[in-house]
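Peer 1: My structure is stored as structure-v1.cif, with mmCIF, N, CA and C atoms.
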```cif
data_start
loop_
_atom_site.label_atom_id
_atom_site.label_comp_id
_atom_site.auth_asym_id
_atom_site.auth_seq_id
_atom_site.Cartn_x
_atom_site.Cartn_y
_atom_site.Cartn_z
N MET A 375 -83.00 56.73 7.16
CA MET A 375 -81.90 55.90 6.73
C MET A 375 -80.84 56.80 6.08
N SER A 376 -79.58 56.57 6.44
CA SER A 376 -78.51 57.42 5.92
C SER A 376 -78.03 56.90 4.57
N GLU A 377 -77.60 57.82 3.78
CA GLU A 377 -77.11 57.50 2.44
C GLU A 377 -75.61 57.25 2.51
N THR A 378 -75.15 56.17 1.90
CA THR A 378 -73.71 55.91 1.88
C THR A 378 -73.13 56.53 0.62
N ARG A 379 -72.02 57.20 0.76
CA ARG A 379 -71.37 57.85 -0.37
C ARG A 379 -70.14 57.06 -0.76
N ARG A 380 -69.99 56.87 -2.04
CA ARG A 380 -68.81 56.19 -2.54
C ARG A 380 -67.66 57.18 -2.59
N LYS A 381 -66.49 56.71 -2.25
CA LYS A 381 -65.28 57.53 -2.30
C LYS A 381 -64.44 57.05 -3.48
N PHE A 382 -63.91 58.00 -4.23
CA PHE A 382 -63.05 57.68 -5.36
C PHE A 382 -61.68 58.26 -5.11
N ASP A 383 -60.65 57.46 -5.32
CA ASP A 383 -59.30 57.97 -5.09
C ASP A 383 -58.90 58.93 -6.21
N PRO A 384 -57.95 59.82 -5.94
CA PRO A 384 -57.56 60.84 -6.93
C PRO A 384 -57.05 60.26 -8.25
N GLU A 385 -56.37 59.13 -8.22
CA GLU A 385 -55.87 58.52 -9.45
C GLU A 385 -57.03 58.10 -10.35
N PHE A 386 -58.06 57.54 -9.74
CA PHE A 386 -59.24 57.12 -10.51
C PHE A 386 -59.90 58.35 -11.13
N ARG A 387 -60.10 59.40 -10.33
CA ARG A 387 -60.73 60.63 -10.83
C ARG A 387 -59.95 61.19 -12.01
N ASP A 388 -58.62 61.30 -11.85
CA ASP A 388 -57.80 61.85 -12.91
C ASP A 388 -57.88 61.02 -14.19
N GLY A 389 -57.88 59.71 -14.02
CA GLY A 389 -57.96 58.83 -15.17
C GLY A 389 -59.27 58.95 -15.92
N VAL A 390 -60.35 59.05 -15.17
CA VAL A 390 -61.67 59.16 -15.80
C VAL A 390 -61.81 60.51 -16.49
N VAL A 391 -61.32 61.56 -15.86
CA VAL A 391 -61.39 62.89 -16.47
C VAL A 391 -60.56 62.92 -17.75
N ARG A 392 -59.36 62.32 -17.70
CA ARG A 392 -58.53 62.25 -18.90
C ARG A 392 -59.22 61.48 -20.01
N LEU A 393 -59.92 60.42 -19.62
CA LEU A 393 -60.66 59.62 -20.60
C LEU A 393 -61.68 60.49 -21.32
N VAL A 394 -62.39 61.31 -20.59
CA VAL A 394 -63.40 62.19 -21.19
C VAL A 394 -62.73 63.26 -22.05
N LEU A 395 -61.70 63.91 -21.53
CA LEU A 395 -61.08 65.01 -22.25
C LEU A 395 -60.27 64.56 -23.45
N ASP A 396 -59.54 63.46 -23.33
CA ASP A 396 -58.68 63.01 -24.43
C ASP A 396 -59.46 62.37 -25.56
N THR A 397 -60.50 61.62 -25.22
CA THR A 397 -61.25 60.91 -26.26
C THR A 397 -62.41 61.74 -26.81
N GLY A 398 -62.84 62.73 -26.04
CA GLY A 398 -63.97 63.55 -26.49
C GLY A 398 -65.31 62.85 -26.34
N ARG A 399 -65.32 61.75 -25.63
CA ARG A 399 -66.58 61.03 -25.42
C ARG A 399 -67.45 61.80 -24.45
N PRO A 400 -68.76 61.68 -24.58
CA PRO A 400 -69.67 62.39 -23.68
C PRO A 400 -69.53 61.91 -22.23
N VAL A 401 -69.69 62.85 -21.32
CA VAL A 401 -69.60 62.56 -19.89
C VAL A 401 -70.61 61.50 -19.50
N ALA A 402 -71.83 61.62 -19.99
CA ALA A 402 -72.89 60.68 -19.63
C ALA A 402 -72.54 59.24 -20.05
N GLU A 403 -71.95 59.10 -21.22
CA GLU A 403 -71.60 57.77 -21.72
C GLU A 403 -70.51 57.13 -20.85
N VAL A 404 -69.47 57.88 -20.55
CA VAL A 404 -68.38 57.36 -19.73
C VAL A 404 -68.89 57.04 -18.33
N ALA A 405 -69.71 57.94 -17.77
CA ALA A 405 -70.24 57.73 -16.42
C ALA A 405 -71.09 56.46 -16.37
N ARG A 406 -71.91 56.27 -17.39
CA ARG A 406 -72.77 55.08 -17.42
C ARG A 406 -71.93 53.81 -17.48
N GLU A 407 -70.86 53.81 -18.29
CA GLU A 407 -70.01 52.64 -18.41
C GLU A 407 -69.29 52.30 -17.10
N LEU A 408 -68.93 53.33 -16.35
CA LEU A 408 -68.16 53.12 -15.13
C LEU A 408 -69.02 53.09 -13.87
N GLY A 409 -70.31 53.31 -14.01
CA GLY A 409 -71.20 53.28 -12.86
C GLY A 409 -71.06 54.48 -11.95
N ILE A 410 -70.73 55.62 -12.53
CA ILE A 410 -70.58 56.87 -11.78
C ILE A 410 -71.77 57.76 -12.11
N ASN A 411 -72.18 58.55 -11.15
CA ASN A 411 -73.24 59.52 -11.41
C ASN A 411 -72.73 60.52 -12.44
N PRO A 412 -73.48 60.77 -13.53
CA PRO A 412 -73.03 61.71 -14.55
C PRO A 412 -72.77 63.12 -14.00
N GLY A 413 -73.55 63.52 -13.02
CA GLY A 413 -73.33 64.84 -12.42
C GLY A 413 -71.99 64.92 -11.71
N THR A 414 -71.62 63.84 -11.05
CA THR A 414 -70.34 63.79 -10.35
C THR A 414 -69.19 63.89 -11.35
N LEU A 415 -69.25 63.08 -12.39
CA LEU A 415 -68.20 63.11 -13.40
C LEU A 415 -68.16 64.47 -14.10
N GLY A 416 -69.32 65.03 -14.36
CA GLY A 416 -69.38 66.36 -14.96
C GLY A 416 -68.71 67.40 -14.09
N ASN A 417 -68.90 67.30 -12.78
CA ASN A 417 -68.23 68.23 -11.86
C ASN A 417 -66.71 68.06 -11.91
N TRP A 418 -66.25 66.81 -11.96
CA TRP A 418 -64.81 66.57 -12.02
C TRP A 418 -64.21 67.17 -13.29
N VAL A 419 -64.91 66.96 -14.42
CA VAL A 419 -64.41 67.48 -15.70
C VAL A 419 -64.41 69.00 -15.69
N ALA A 420 -65.48 69.60 -15.18
CA ALA A 420 -65.55 71.06 -15.12
C ALA A 420 -64.45 71.63 -14.24
N LYS A 421 -64.19 70.97 -13.13
CA LYS A 421 -63.13 71.42 -12.22
C LYS A 421 -61.77 71.36 -12.91
N GLN A 422 -61.53 70.28 -13.65
CA GLN A 422 -60.26 70.14 -14.37
C GLN A 422 -60.13 71.22 -15.44
N ARG A 423 -61.20 71.48 -16.15
CA ARG A 423 -61.15 72.52 -17.18
C ARG A 423 -60.92 73.89 -16.56
N GLU A 424 -61.47 74.11 -15.38
CA GLU A 424 -61.32 75.38 -14.68
C GLU A 424 -59.89 75.58 -14.21
N HIS A 425 -59.34 74.56 -13.59
CA HIS A 425 -58.03 74.68 -12.97
C HIS A 425 -56.89 74.24 -13.87
N GLY A 426 -57.18 73.32 -14.74
CA GLY A 426 -56.14 72.80 -15.62
C GLY A 426 -56.22 73.46 -16.97
N SER A 427 -55.31 73.10 -17.80
CA SER A 427 -55.30 73.63 -19.15
C SER A 427 -56.06 72.67 -20.05
N THR A 428 -56.81 73.20 -21.00
CA THR A 428 -57.57 72.35 -21.91
C THR A 428 -56.92 72.26 -23.27
N ASP A 429 -55.72 72.82 -23.41
CA ASP A 429 -55.08 72.80 -24.72
C ASP A 429 -54.12 71.61 -24.86
N GLY A 430 -54.33 70.58 -24.09
CA GLY A 430 -53.52 69.39 -24.20
C GLY A 430 -52.45 69.27 -23.15
N ALA A 431 -52.39 70.21 -22.24
CA ALA A 431 -51.40 70.14 -21.18
C ALA A 431 -51.70 68.93 -20.31
N SER A 432 -50.67 68.21 -19.99
CA SER A 432 -50.87 67.00 -19.21
C SER A 432 -50.32 67.18 -17.80
N ALA A 433 -50.64 66.25 -16.95
CA ALA A 433 -50.14 66.27 -15.58
C ALA A 433 -48.68 65.83 -15.52
N ASP A 434 -48.21 65.17 -16.57
CA ASP A 434 -46.83 64.68 -16.62
C ASP A 434 -45.94 65.75 -17.25
N PRO A 435 -45.10 66.40 -16.46
CA PRO A 435 -44.26 67.48 -17.00
C PRO A 435 -43.32 67.03 -18.12
N ALA A 436 -42.79 65.82 -18.02
CA ALA A 436 -41.87 65.34 -19.06
C ALA A 436 -42.59 65.19 -20.39
N ALA A 437 -43.81 64.68 -20.36
CA ALA A 437 -44.58 64.52 -21.58
C ALA A 437 -44.94 65.89 -22.16
N GLU A 438 -45.24 66.83 -21.30
CA GLU A 438 -45.57 68.19 -21.75
C GLU A 438 -44.35 68.84 -22.41
N VAL A 439 -43.17 68.67 -21.82
CA VAL A 439 -41.96 69.23 -22.40
C VAL A 439 -41.69 68.61 -23.77
N LYS A 440 -41.86 67.30 -23.86
CA LYS A 440 -41.64 66.61 -25.13
C LYS A 440 -42.60 67.13 -26.20
N ARG A 441 -43.88 67.30 -25.83
CA ARG A 441 -44.88 67.80 -26.78
C ARG A 441 -44.53 69.22 -27.21
N LEU A 442 -44.13 70.05 -26.27
CA LEU A 442 -43.81 71.44 -26.59
C LEU A 442 -42.56 71.54 -27.46
N ARG A 443 -41.58 70.69 -27.22
CA ARG A 443 -40.38 70.70 -28.06
C ARG A 443 -40.71 70.30 -29.49
N ALA A 444 -41.57 69.31 -29.64
CA ALA A 444 -41.98 68.89 -30.99
C ALA A 444 -42.75 70.01 -31.68
N GLU A 445 -43.61 70.67 -30.95
CA GLU A 445 -44.37 71.79 -31.52
C GLU A 445 -43.43 72.93 -31.91
N LEU A 446 -42.45 73.22 -31.07
CA LEU A 446 -41.48 74.27 -31.35
C LEU A 446 -40.68 73.95 -32.62
N ALA A 447 -40.27 72.70 -32.76
CA ALA A 447 -39.52 72.30 -33.95
C ALA A 447 -40.36 72.49 -35.21
N SER A 448 -41.64 72.14 -35.12
CA SER A 448 -42.54 72.31 -36.26
C SER A 448 -42.72 73.79 -36.62
N VAL A 449 -42.88 74.61 -35.62
CA VAL A 449 -43.07 76.05 -35.86
C VAL A 449 -41.80 76.66 -36.44
N ARG A 450 -40.64 76.24 -35.94
CA ARG A 450 -39.37 76.75 -36.48
C ARG A 450 -39.20 76.34 -37.94
N ALA A 451 -39.58 75.12 -38.28
CA ALA A 451 -39.47 74.67 -39.67
C ALA A 451 -40.39 75.50 -40.57
N GLU A 452 -41.59 75.78 -40.11
CA GLU A 452 -42.51 76.62 -40.89
C GLU A 452 -41.94 78.02 -41.08
N ARG A 453 -41.38 78.57 -40.00
CA ARG A 453 -40.78 79.90 -40.06
C ARG A 453 -39.65 79.95 -41.07
N ASP A 454 -38.78 78.94 -41.03
CA ASP A 454 -37.65 78.91 -41.94
C ASP A 454 -38.10 78.79 -43.39
N LEU A 455 -39.13 78.00 -43.63
CA LEU A 455 -39.67 77.86 -44.97
C LEU A 455 -40.21 79.20 -45.47
N LEU A 456 -40.94 79.89 -44.61
CA LEU A 456 -41.47 81.20 -45.00
C LEU A 456 -40.36 82.20 -45.25
N LYS A 457 -39.30 82.17 -44.45
CA LYS A 457 -38.16 83.06 -44.67
C LYS A 457 -37.56 82.84 -46.05
N ARG A 458 -37.33 81.57 -46.39
CA ARG A 458 -36.75 81.26 -47.70
C ARG A 458 -37.67 81.70 -48.83
N SER A 459 -38.97 81.54 -48.65
CA SER A 459 -39.92 81.95 -49.68
C SER A 459 -39.88 83.46 -49.88
N VAL A 460 -39.88 84.19 -48.78
CA VAL A 460 -39.86 85.65 -48.87
C VAL A 460 -38.55 86.12 -49.50
N LEU A 461 -37.42 85.54 -49.13
CA LEU A 461 -36.15 85.90 -49.73
C LEU A 461 -36.14 85.64 -51.24
N GLY A 462 -36.75 84.52 -51.63
CA GLY A 462 -36.85 84.22 -53.07
C GLY A 462 -37.68 85.25 -53.80
N TRP A 463 -38.79 85.68 -53.19
CA TRP A 463 -39.65 86.69 -53.82
C TRP A 463 -38.94 88.03 -53.92
N VAL A 464 -38.19 88.38 -52.89
CA VAL A 464 -37.46 89.65 -52.88
C VAL A 464 -36.38 89.64 -53.95
N GLU A 465 -35.65 88.55 -54.05
CA GLU A 465 -34.61 88.45 -55.07
C GLU A 465 -35.20 88.54 -56.48
N GLU A 466 -36.34 87.91 -56.68
CA GLU A 466 -36.99 87.92 -57.97
C GLU A 466 -37.49 89.33 -58.31
N ALA A 467 -38.00 90.02 -57.33
CA ALA A 467 -38.57 91.36 -57.55
C ALA A 467 -37.48 92.39 -57.80
N THR A 468 -36.28 92.17 -57.29
CA THR A 468 -35.22 93.15 -57.46
C THR A 468 -34.38 92.92 -58.70
N LYS A 469 -34.68 91.92 -59.49
CA LYS A 469 -33.93 91.65 -60.74
C LYS A 469 -34.28 92.63 -61.82
#
```
What is this structure when it is put down as structure tokens?
Peer 2:
Amino acid sequence: MSETRRKFDPEFRDGVVRLVLDTGRPVAEVARELGINPGTLGNWVAKQREHGSTDGASADPAAEVKRLRAELASVRAERDLLKRSVLGWVEEATK
């Protein structure tokens, strides 16, 4: 008797992988809830981690640009604060 294999469309795969990666829930738990073999879901997640970025990079370029701009603004603000602090210390030390 031949085994029938279920086919999953790419949108479904991407959504399930994002669910695991974004929420941090265990692969086995998500697979059980969705009726997917845990090994299959584990392979999808491993493939995404291998080929994709795991530092929060998303498939949506506009969202990624928005996130990076916000991060850049935060880093610039920290840099400027440190500059002012160092200038204050230098002025105090040279008095």
Peer 1: Can you pull out every residue within 12 Å of Val394 of chain A, counting only C-alpha atoms, but drop anything in the same chain fewer than 3 positions away, and send it as JSON, numbers by chain?
Peer 2: {"A": [387, 388, 389, 390, 391, 397, 398, 399, 400, 401, 402, 403, 404, 405, 407, 408, 412, 415, 416, 418, 419, 420, 422, 423, 428]}
Peer 1: Based on DSSP run over this structure's backbone, return all residues of segment 389-457 of chain A in alpha helix (DSSP H), as a PyMOL selection string.
Peer 2: chain A and resi 389-397+401-408+412-425+435-457
Peer 1: Using only N, CA and C atoms, please write the residues we just selected to a file, as a compact mmCIF listing (two decimals), in the frame of the given file.
Peer 2:
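This is the output file result-v6.txt:
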```txt
# COMPACT_ATOMS: atom_id res chain seq x y z
N GLY A 389 -57.88 59.71 -14.02
CA GLY A 389 -57.96 58.83 -15.17
C GLY A 389 -59.27 58.95 -15.92
N VAL A 390 -60.35 59.05 -15.17
CA VAL A 390 -61.67 59.16 -15.80
C VAL A 390 -61.81 60.51 -16.49
N VAL A 391 -61.32 61.56 -15.86
CA VAL A 391 -61.39 62.89 -16.47
C VAL A 391 -60.56 62.92 -17.75
N ARG A 392 -59.36 62.32 -17.70
CA ARG A 392 -58.53 62.25 -18.90
C ARG A 392 -59.22 61.48 -20.01
N LEU A 393 -59.92 60.42 -19.62
CA LEU A 393 -60.66 59.62 -20.60
C LEU A 393 -61.68 60.49 -21.32
N VAL A 394 -62.39 61.31 -20.59
CA VAL A 394 -63.40 62.19 -21.19
C VAL A 394 -62.73 63.26 -22.05
N LEU A 395 -61.70 63.91 -21.53
CA LEU A 395 -61.08 65.01 -22.25
C LEU A 395 -60.27 64.56 -23.45
N ASP A 396 -59.54 63.46 -23.33
CA ASP A 396 -58.68 63.01 -24.43
C ASP A 396 -59.46 62.37 -25.56
N THR A 397 -60.50 61.62 -25.22
CA THR A 397 -61.25 60.91 -26.26
C THR A 397 -62.41 61.74 -26.81
N VAL A 401 -69.69 62.85 -21.32
CA VAL A 401 -69.60 62.56 -19.89
C VAL A 401 -70.61 61.50 -19.50
N ALA A 402 -71.83 61.62 -19.99
CA ALA A 402 -72.89 60.68 -19.63
C ALA A 402 -72.54 59.24 -20.05
N GLU A 403 -71.95 59.10 -21.22
CA GLU A 403 -71.60 57.77 -21.72
C GLU A 403 -70.51 57.13 -20.85
N VAL A 404 -69.47 57.88 -20.55
CA VAL A 404 -68.38 57.36 -19.73
C VAL A 404 -68.89 57.04 -18.33
N ALA A 405 -69.71 57.94 -17.77
CA ALA A 405 -70.24 57.73 -16.42
C ALA A 405 -71.09 56.46 -16.37
N ARG A 406 -71.91 56.27 -17.39
CA ARG A 406 -72.77 55.08 -17.42
C ARG A 406 -71.93 53.81 -17.48
N GLU A 407 -70.86 53.81 -18.29
CA GLU A 407 -70.01 52.64 -18.41
C GLU A 407 -69.29 52.30 -17.10
N LEU A 408 -68.93 53.33 -16.35
CA LEU A 408 -68.16 53.12 -15.13
C LEU A 408 -69.02 53.09 -13.87
N PRO A 412 -73.48 60.77 -13.53
CA PRO A 412 -73.03 61.71 -14.55
C PRO A 412 -72.77 63.12 -14.00
N GLY A 413 -73.55 63.52 -13.02
CA GLY A 413 -73.33 64.84 -12.42
C GLY A 413 -71.99 64.92 -11.71
N THR A 414 -71.62 63.84 -11.05
CA THR A 414 -70.34 63.79 -10.35
C THR A 414 -69.19 63.89 -11.35
N LEU A 415 -69.25 63.08 -12.39
CA LEU A 415 -68.20 63.11 -13.40
C LEU A 415 -68.16 64.47 -14.10
N GLY A 416 -69.32 65.03 -14.36
CA GLY A 416 -69.38 66.36 -14.96
C GLY A 416 -68.71 67.40 -14.09
N ASN A 417 -68.90 67.30 -12.78
CA ASN A 417 -68.23 68.23 -11.86
C ASN A 417 -66.71 68.06 -11.91
N TRP A 418 -66.25 66.81 -11.96
CA TRP A 418 -64.81 66.57 -12.02
C TRP A 418 -64.21 67.17 -13.29
N VAL A 419 -64.91 66.96 -14.42
CA VAL A 419 -64.41 67.48 -15.70
C VAL A 419 -64.41 69.00 -15.69
N ALA A 420 -65.48 69.60 -15.18
CA ALA A 420 -65.55 71.06 -15.12
C ALA A 420 -64.45 71.63 -14.24
N LYS A 421 -64.19 70.97 -13.13
CA LYS A 421 -63.13 71.42 -12.22
C LYS A 421 -61.77 71.36 -12.91
N GLN A 422 -61.53 70.28 -13.65
CA GLN A 422 -60.26 70.14 -14.37
C GLN A 422 -60.13 71.22 -15.44
N ARG A 423 -61.20 71.48 -16.15
CA ARG A 423 -61.15 72.52 -17.18
C ARG A 423 -60.92 73.89 -16.56
N GLU A 424 -61.47 74.11 -15.38
CA GLU A 424 -61.32 75.38 -14.68
C GLU A 424 -59.89 75.58 -14.21
N HIS A 425 -59.34 74.56 -13.59
CA HIS A 425 -58.03 74.68 -12.97
C HIS A 425 -56.89 74.24 -13.87
N PRO A 435 -45.10 66.40 -16.46
CA PRO A 435 -44.26 67.48 -17.00
C PRO A 435 -43.32 67.03 -18.12
N ALA A 436 -42.79 65.82 -18.02
CA ALA A 436 -41.87 65.34 -19.06
C ALA A 436 -42.59 65.19 -20.39
N ALA A 437 -43.81 64.68 -20.36
CA ALA A 437 -44.58 64.52 -21.58
C ALA A 437 -44.94 65.89 -22.16
N GLU A 438 -45.24 66.83 -21.30
CA GLU A 438 -45.57 68.19 -21.75
C GLU A 438 -44.35 68.84 -22.41
N VAL A 439 -43.17 68.67 -21.82
CA VAL A 439 -41.96 69.23 -22.40
C VAL A 439 -41.69 68.61 -23.77
N LYS A 440 -41.86 67.30 -23.86
CA LYS A 440 -41.64 66.61 -25.13
C LYS A 440 -42.60 67.13 -26.20
N ARG A 441 -43.88 67.30 -25.83
CA ARG A 441 -44.88 67.80 -26.78
C ARG A 441 -44.53 69.22 -27.21
N LEU A 442 -44.13 70.05 -26.27
CA LEU A 442 -43.81 71.44 -26.59
C LEU A 442 -42.56 71.54 -27.46
N ARG A 443 -41.58 70.69 -27.22
CA ARG A 443 -40.38 70.70 -28.06
C ARG A 443 -40.71 70.30 -29.49
N ALA A 444 -41.57 69.31 -29.64
CA ALA A 444 -41.98 68.89 -30.99
C ALA A 444 -42.75 70.01 -31.68
N GLU A 445 -43.61 70.67 -30.95
CA GLU A 445 -44.37 71.79 -31.52
C GLU A 445 -43.43 72.93 -31.91
N LEU A 446 -42.45 73.22 -31.07
CA LEU A 446 -41.48 74.27 -31.35
C LEU A 446 -40.68 73.95 -32.62
N ALA A 447 -40.27 72.70 -32.76
CA ALA A 447 -39.52 72.30 -33.95
C ALA A 447 -40.36 72.49 -35.21
N SER A 448 -41.64 72.14 -35.12
CA SER A 448 -42.54 72.31 -36.26
C SER A 448 -42.72 73.79 -36.62
N VAL A 449 -42.88 74.61 -35.62
CA VAL A 449 -43.07 76.05 -35.86
C VAL A 449 -41.80 76.66 -36.44
N ARG A 450 -40.64 76.24 -35.94
CA ARG A 450 -39.37 76.75 -36.48
C ARG A 450 -39.20 76.34 -37.94
N ALA A 451 -39.58 75.12 -38.28
CA ALA A 451 -39.47 74.67 -39.67
C ALA A 451 -40.39 75.50 -40.57
N GLU A 452 -41.59 75.78 -40.11
CA GLU A 452 -42.51 76.62 -40.89
C GLU A 452 -41.94 78.02 -41.08
N ARG A 453 -41.38 78.57 -40.00
CA ARG A 453 -40.78 79.90 -40.06
C ARG A 453 -39.65 79.95 -41.07
N ASP A 454 -38.78 78.94 -41.03
CA ASP A 454 -37.65 78.91 -41.94
C ASP A 454 -38.10 78.79 -43.39
N LEU A 455 -39.13 78.00 -43.63
CA LEU A 455 -39.67 77.86 -44.97
C LEU A 455 -40.21 79.20 -45.47
N LEU A 456 -40.94 79.89 -44.61
CA LEU A 456 -41.47 81.20 -45.00
C LEU A 456 -40.36 82.20 -45.25
N LYS A 457 -39.30 82.17 -44.45
CA LYS A 457 -38.16 83.06 -44.67
C LYS A 457 -37.56 82.84 -46.05
```
Peer 1: Mind pulling up the distance from atom CA of Glu466 of chain A to atom CA of Val449 of chain A?
Peer 2: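 Computing it gives 25.8 Å between the two atoms.
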Peer 1: Using atom CA of Ser459 of chain A and atom CA of Glu445 of chain A as the two end points, give the distance in Å to one decimal.
Peer 2: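 It comes out at 21.3 Å.
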Peer 1: Figure out the distance between atom CA of Ser448 of chain A and atom CA of Gly426 of chain A, please, to one decimal in Å.
Peer 2: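 Going from atom CA of Gly426 of chain A over to atom CA of Ser448 of chain A covers 24.7 Å.
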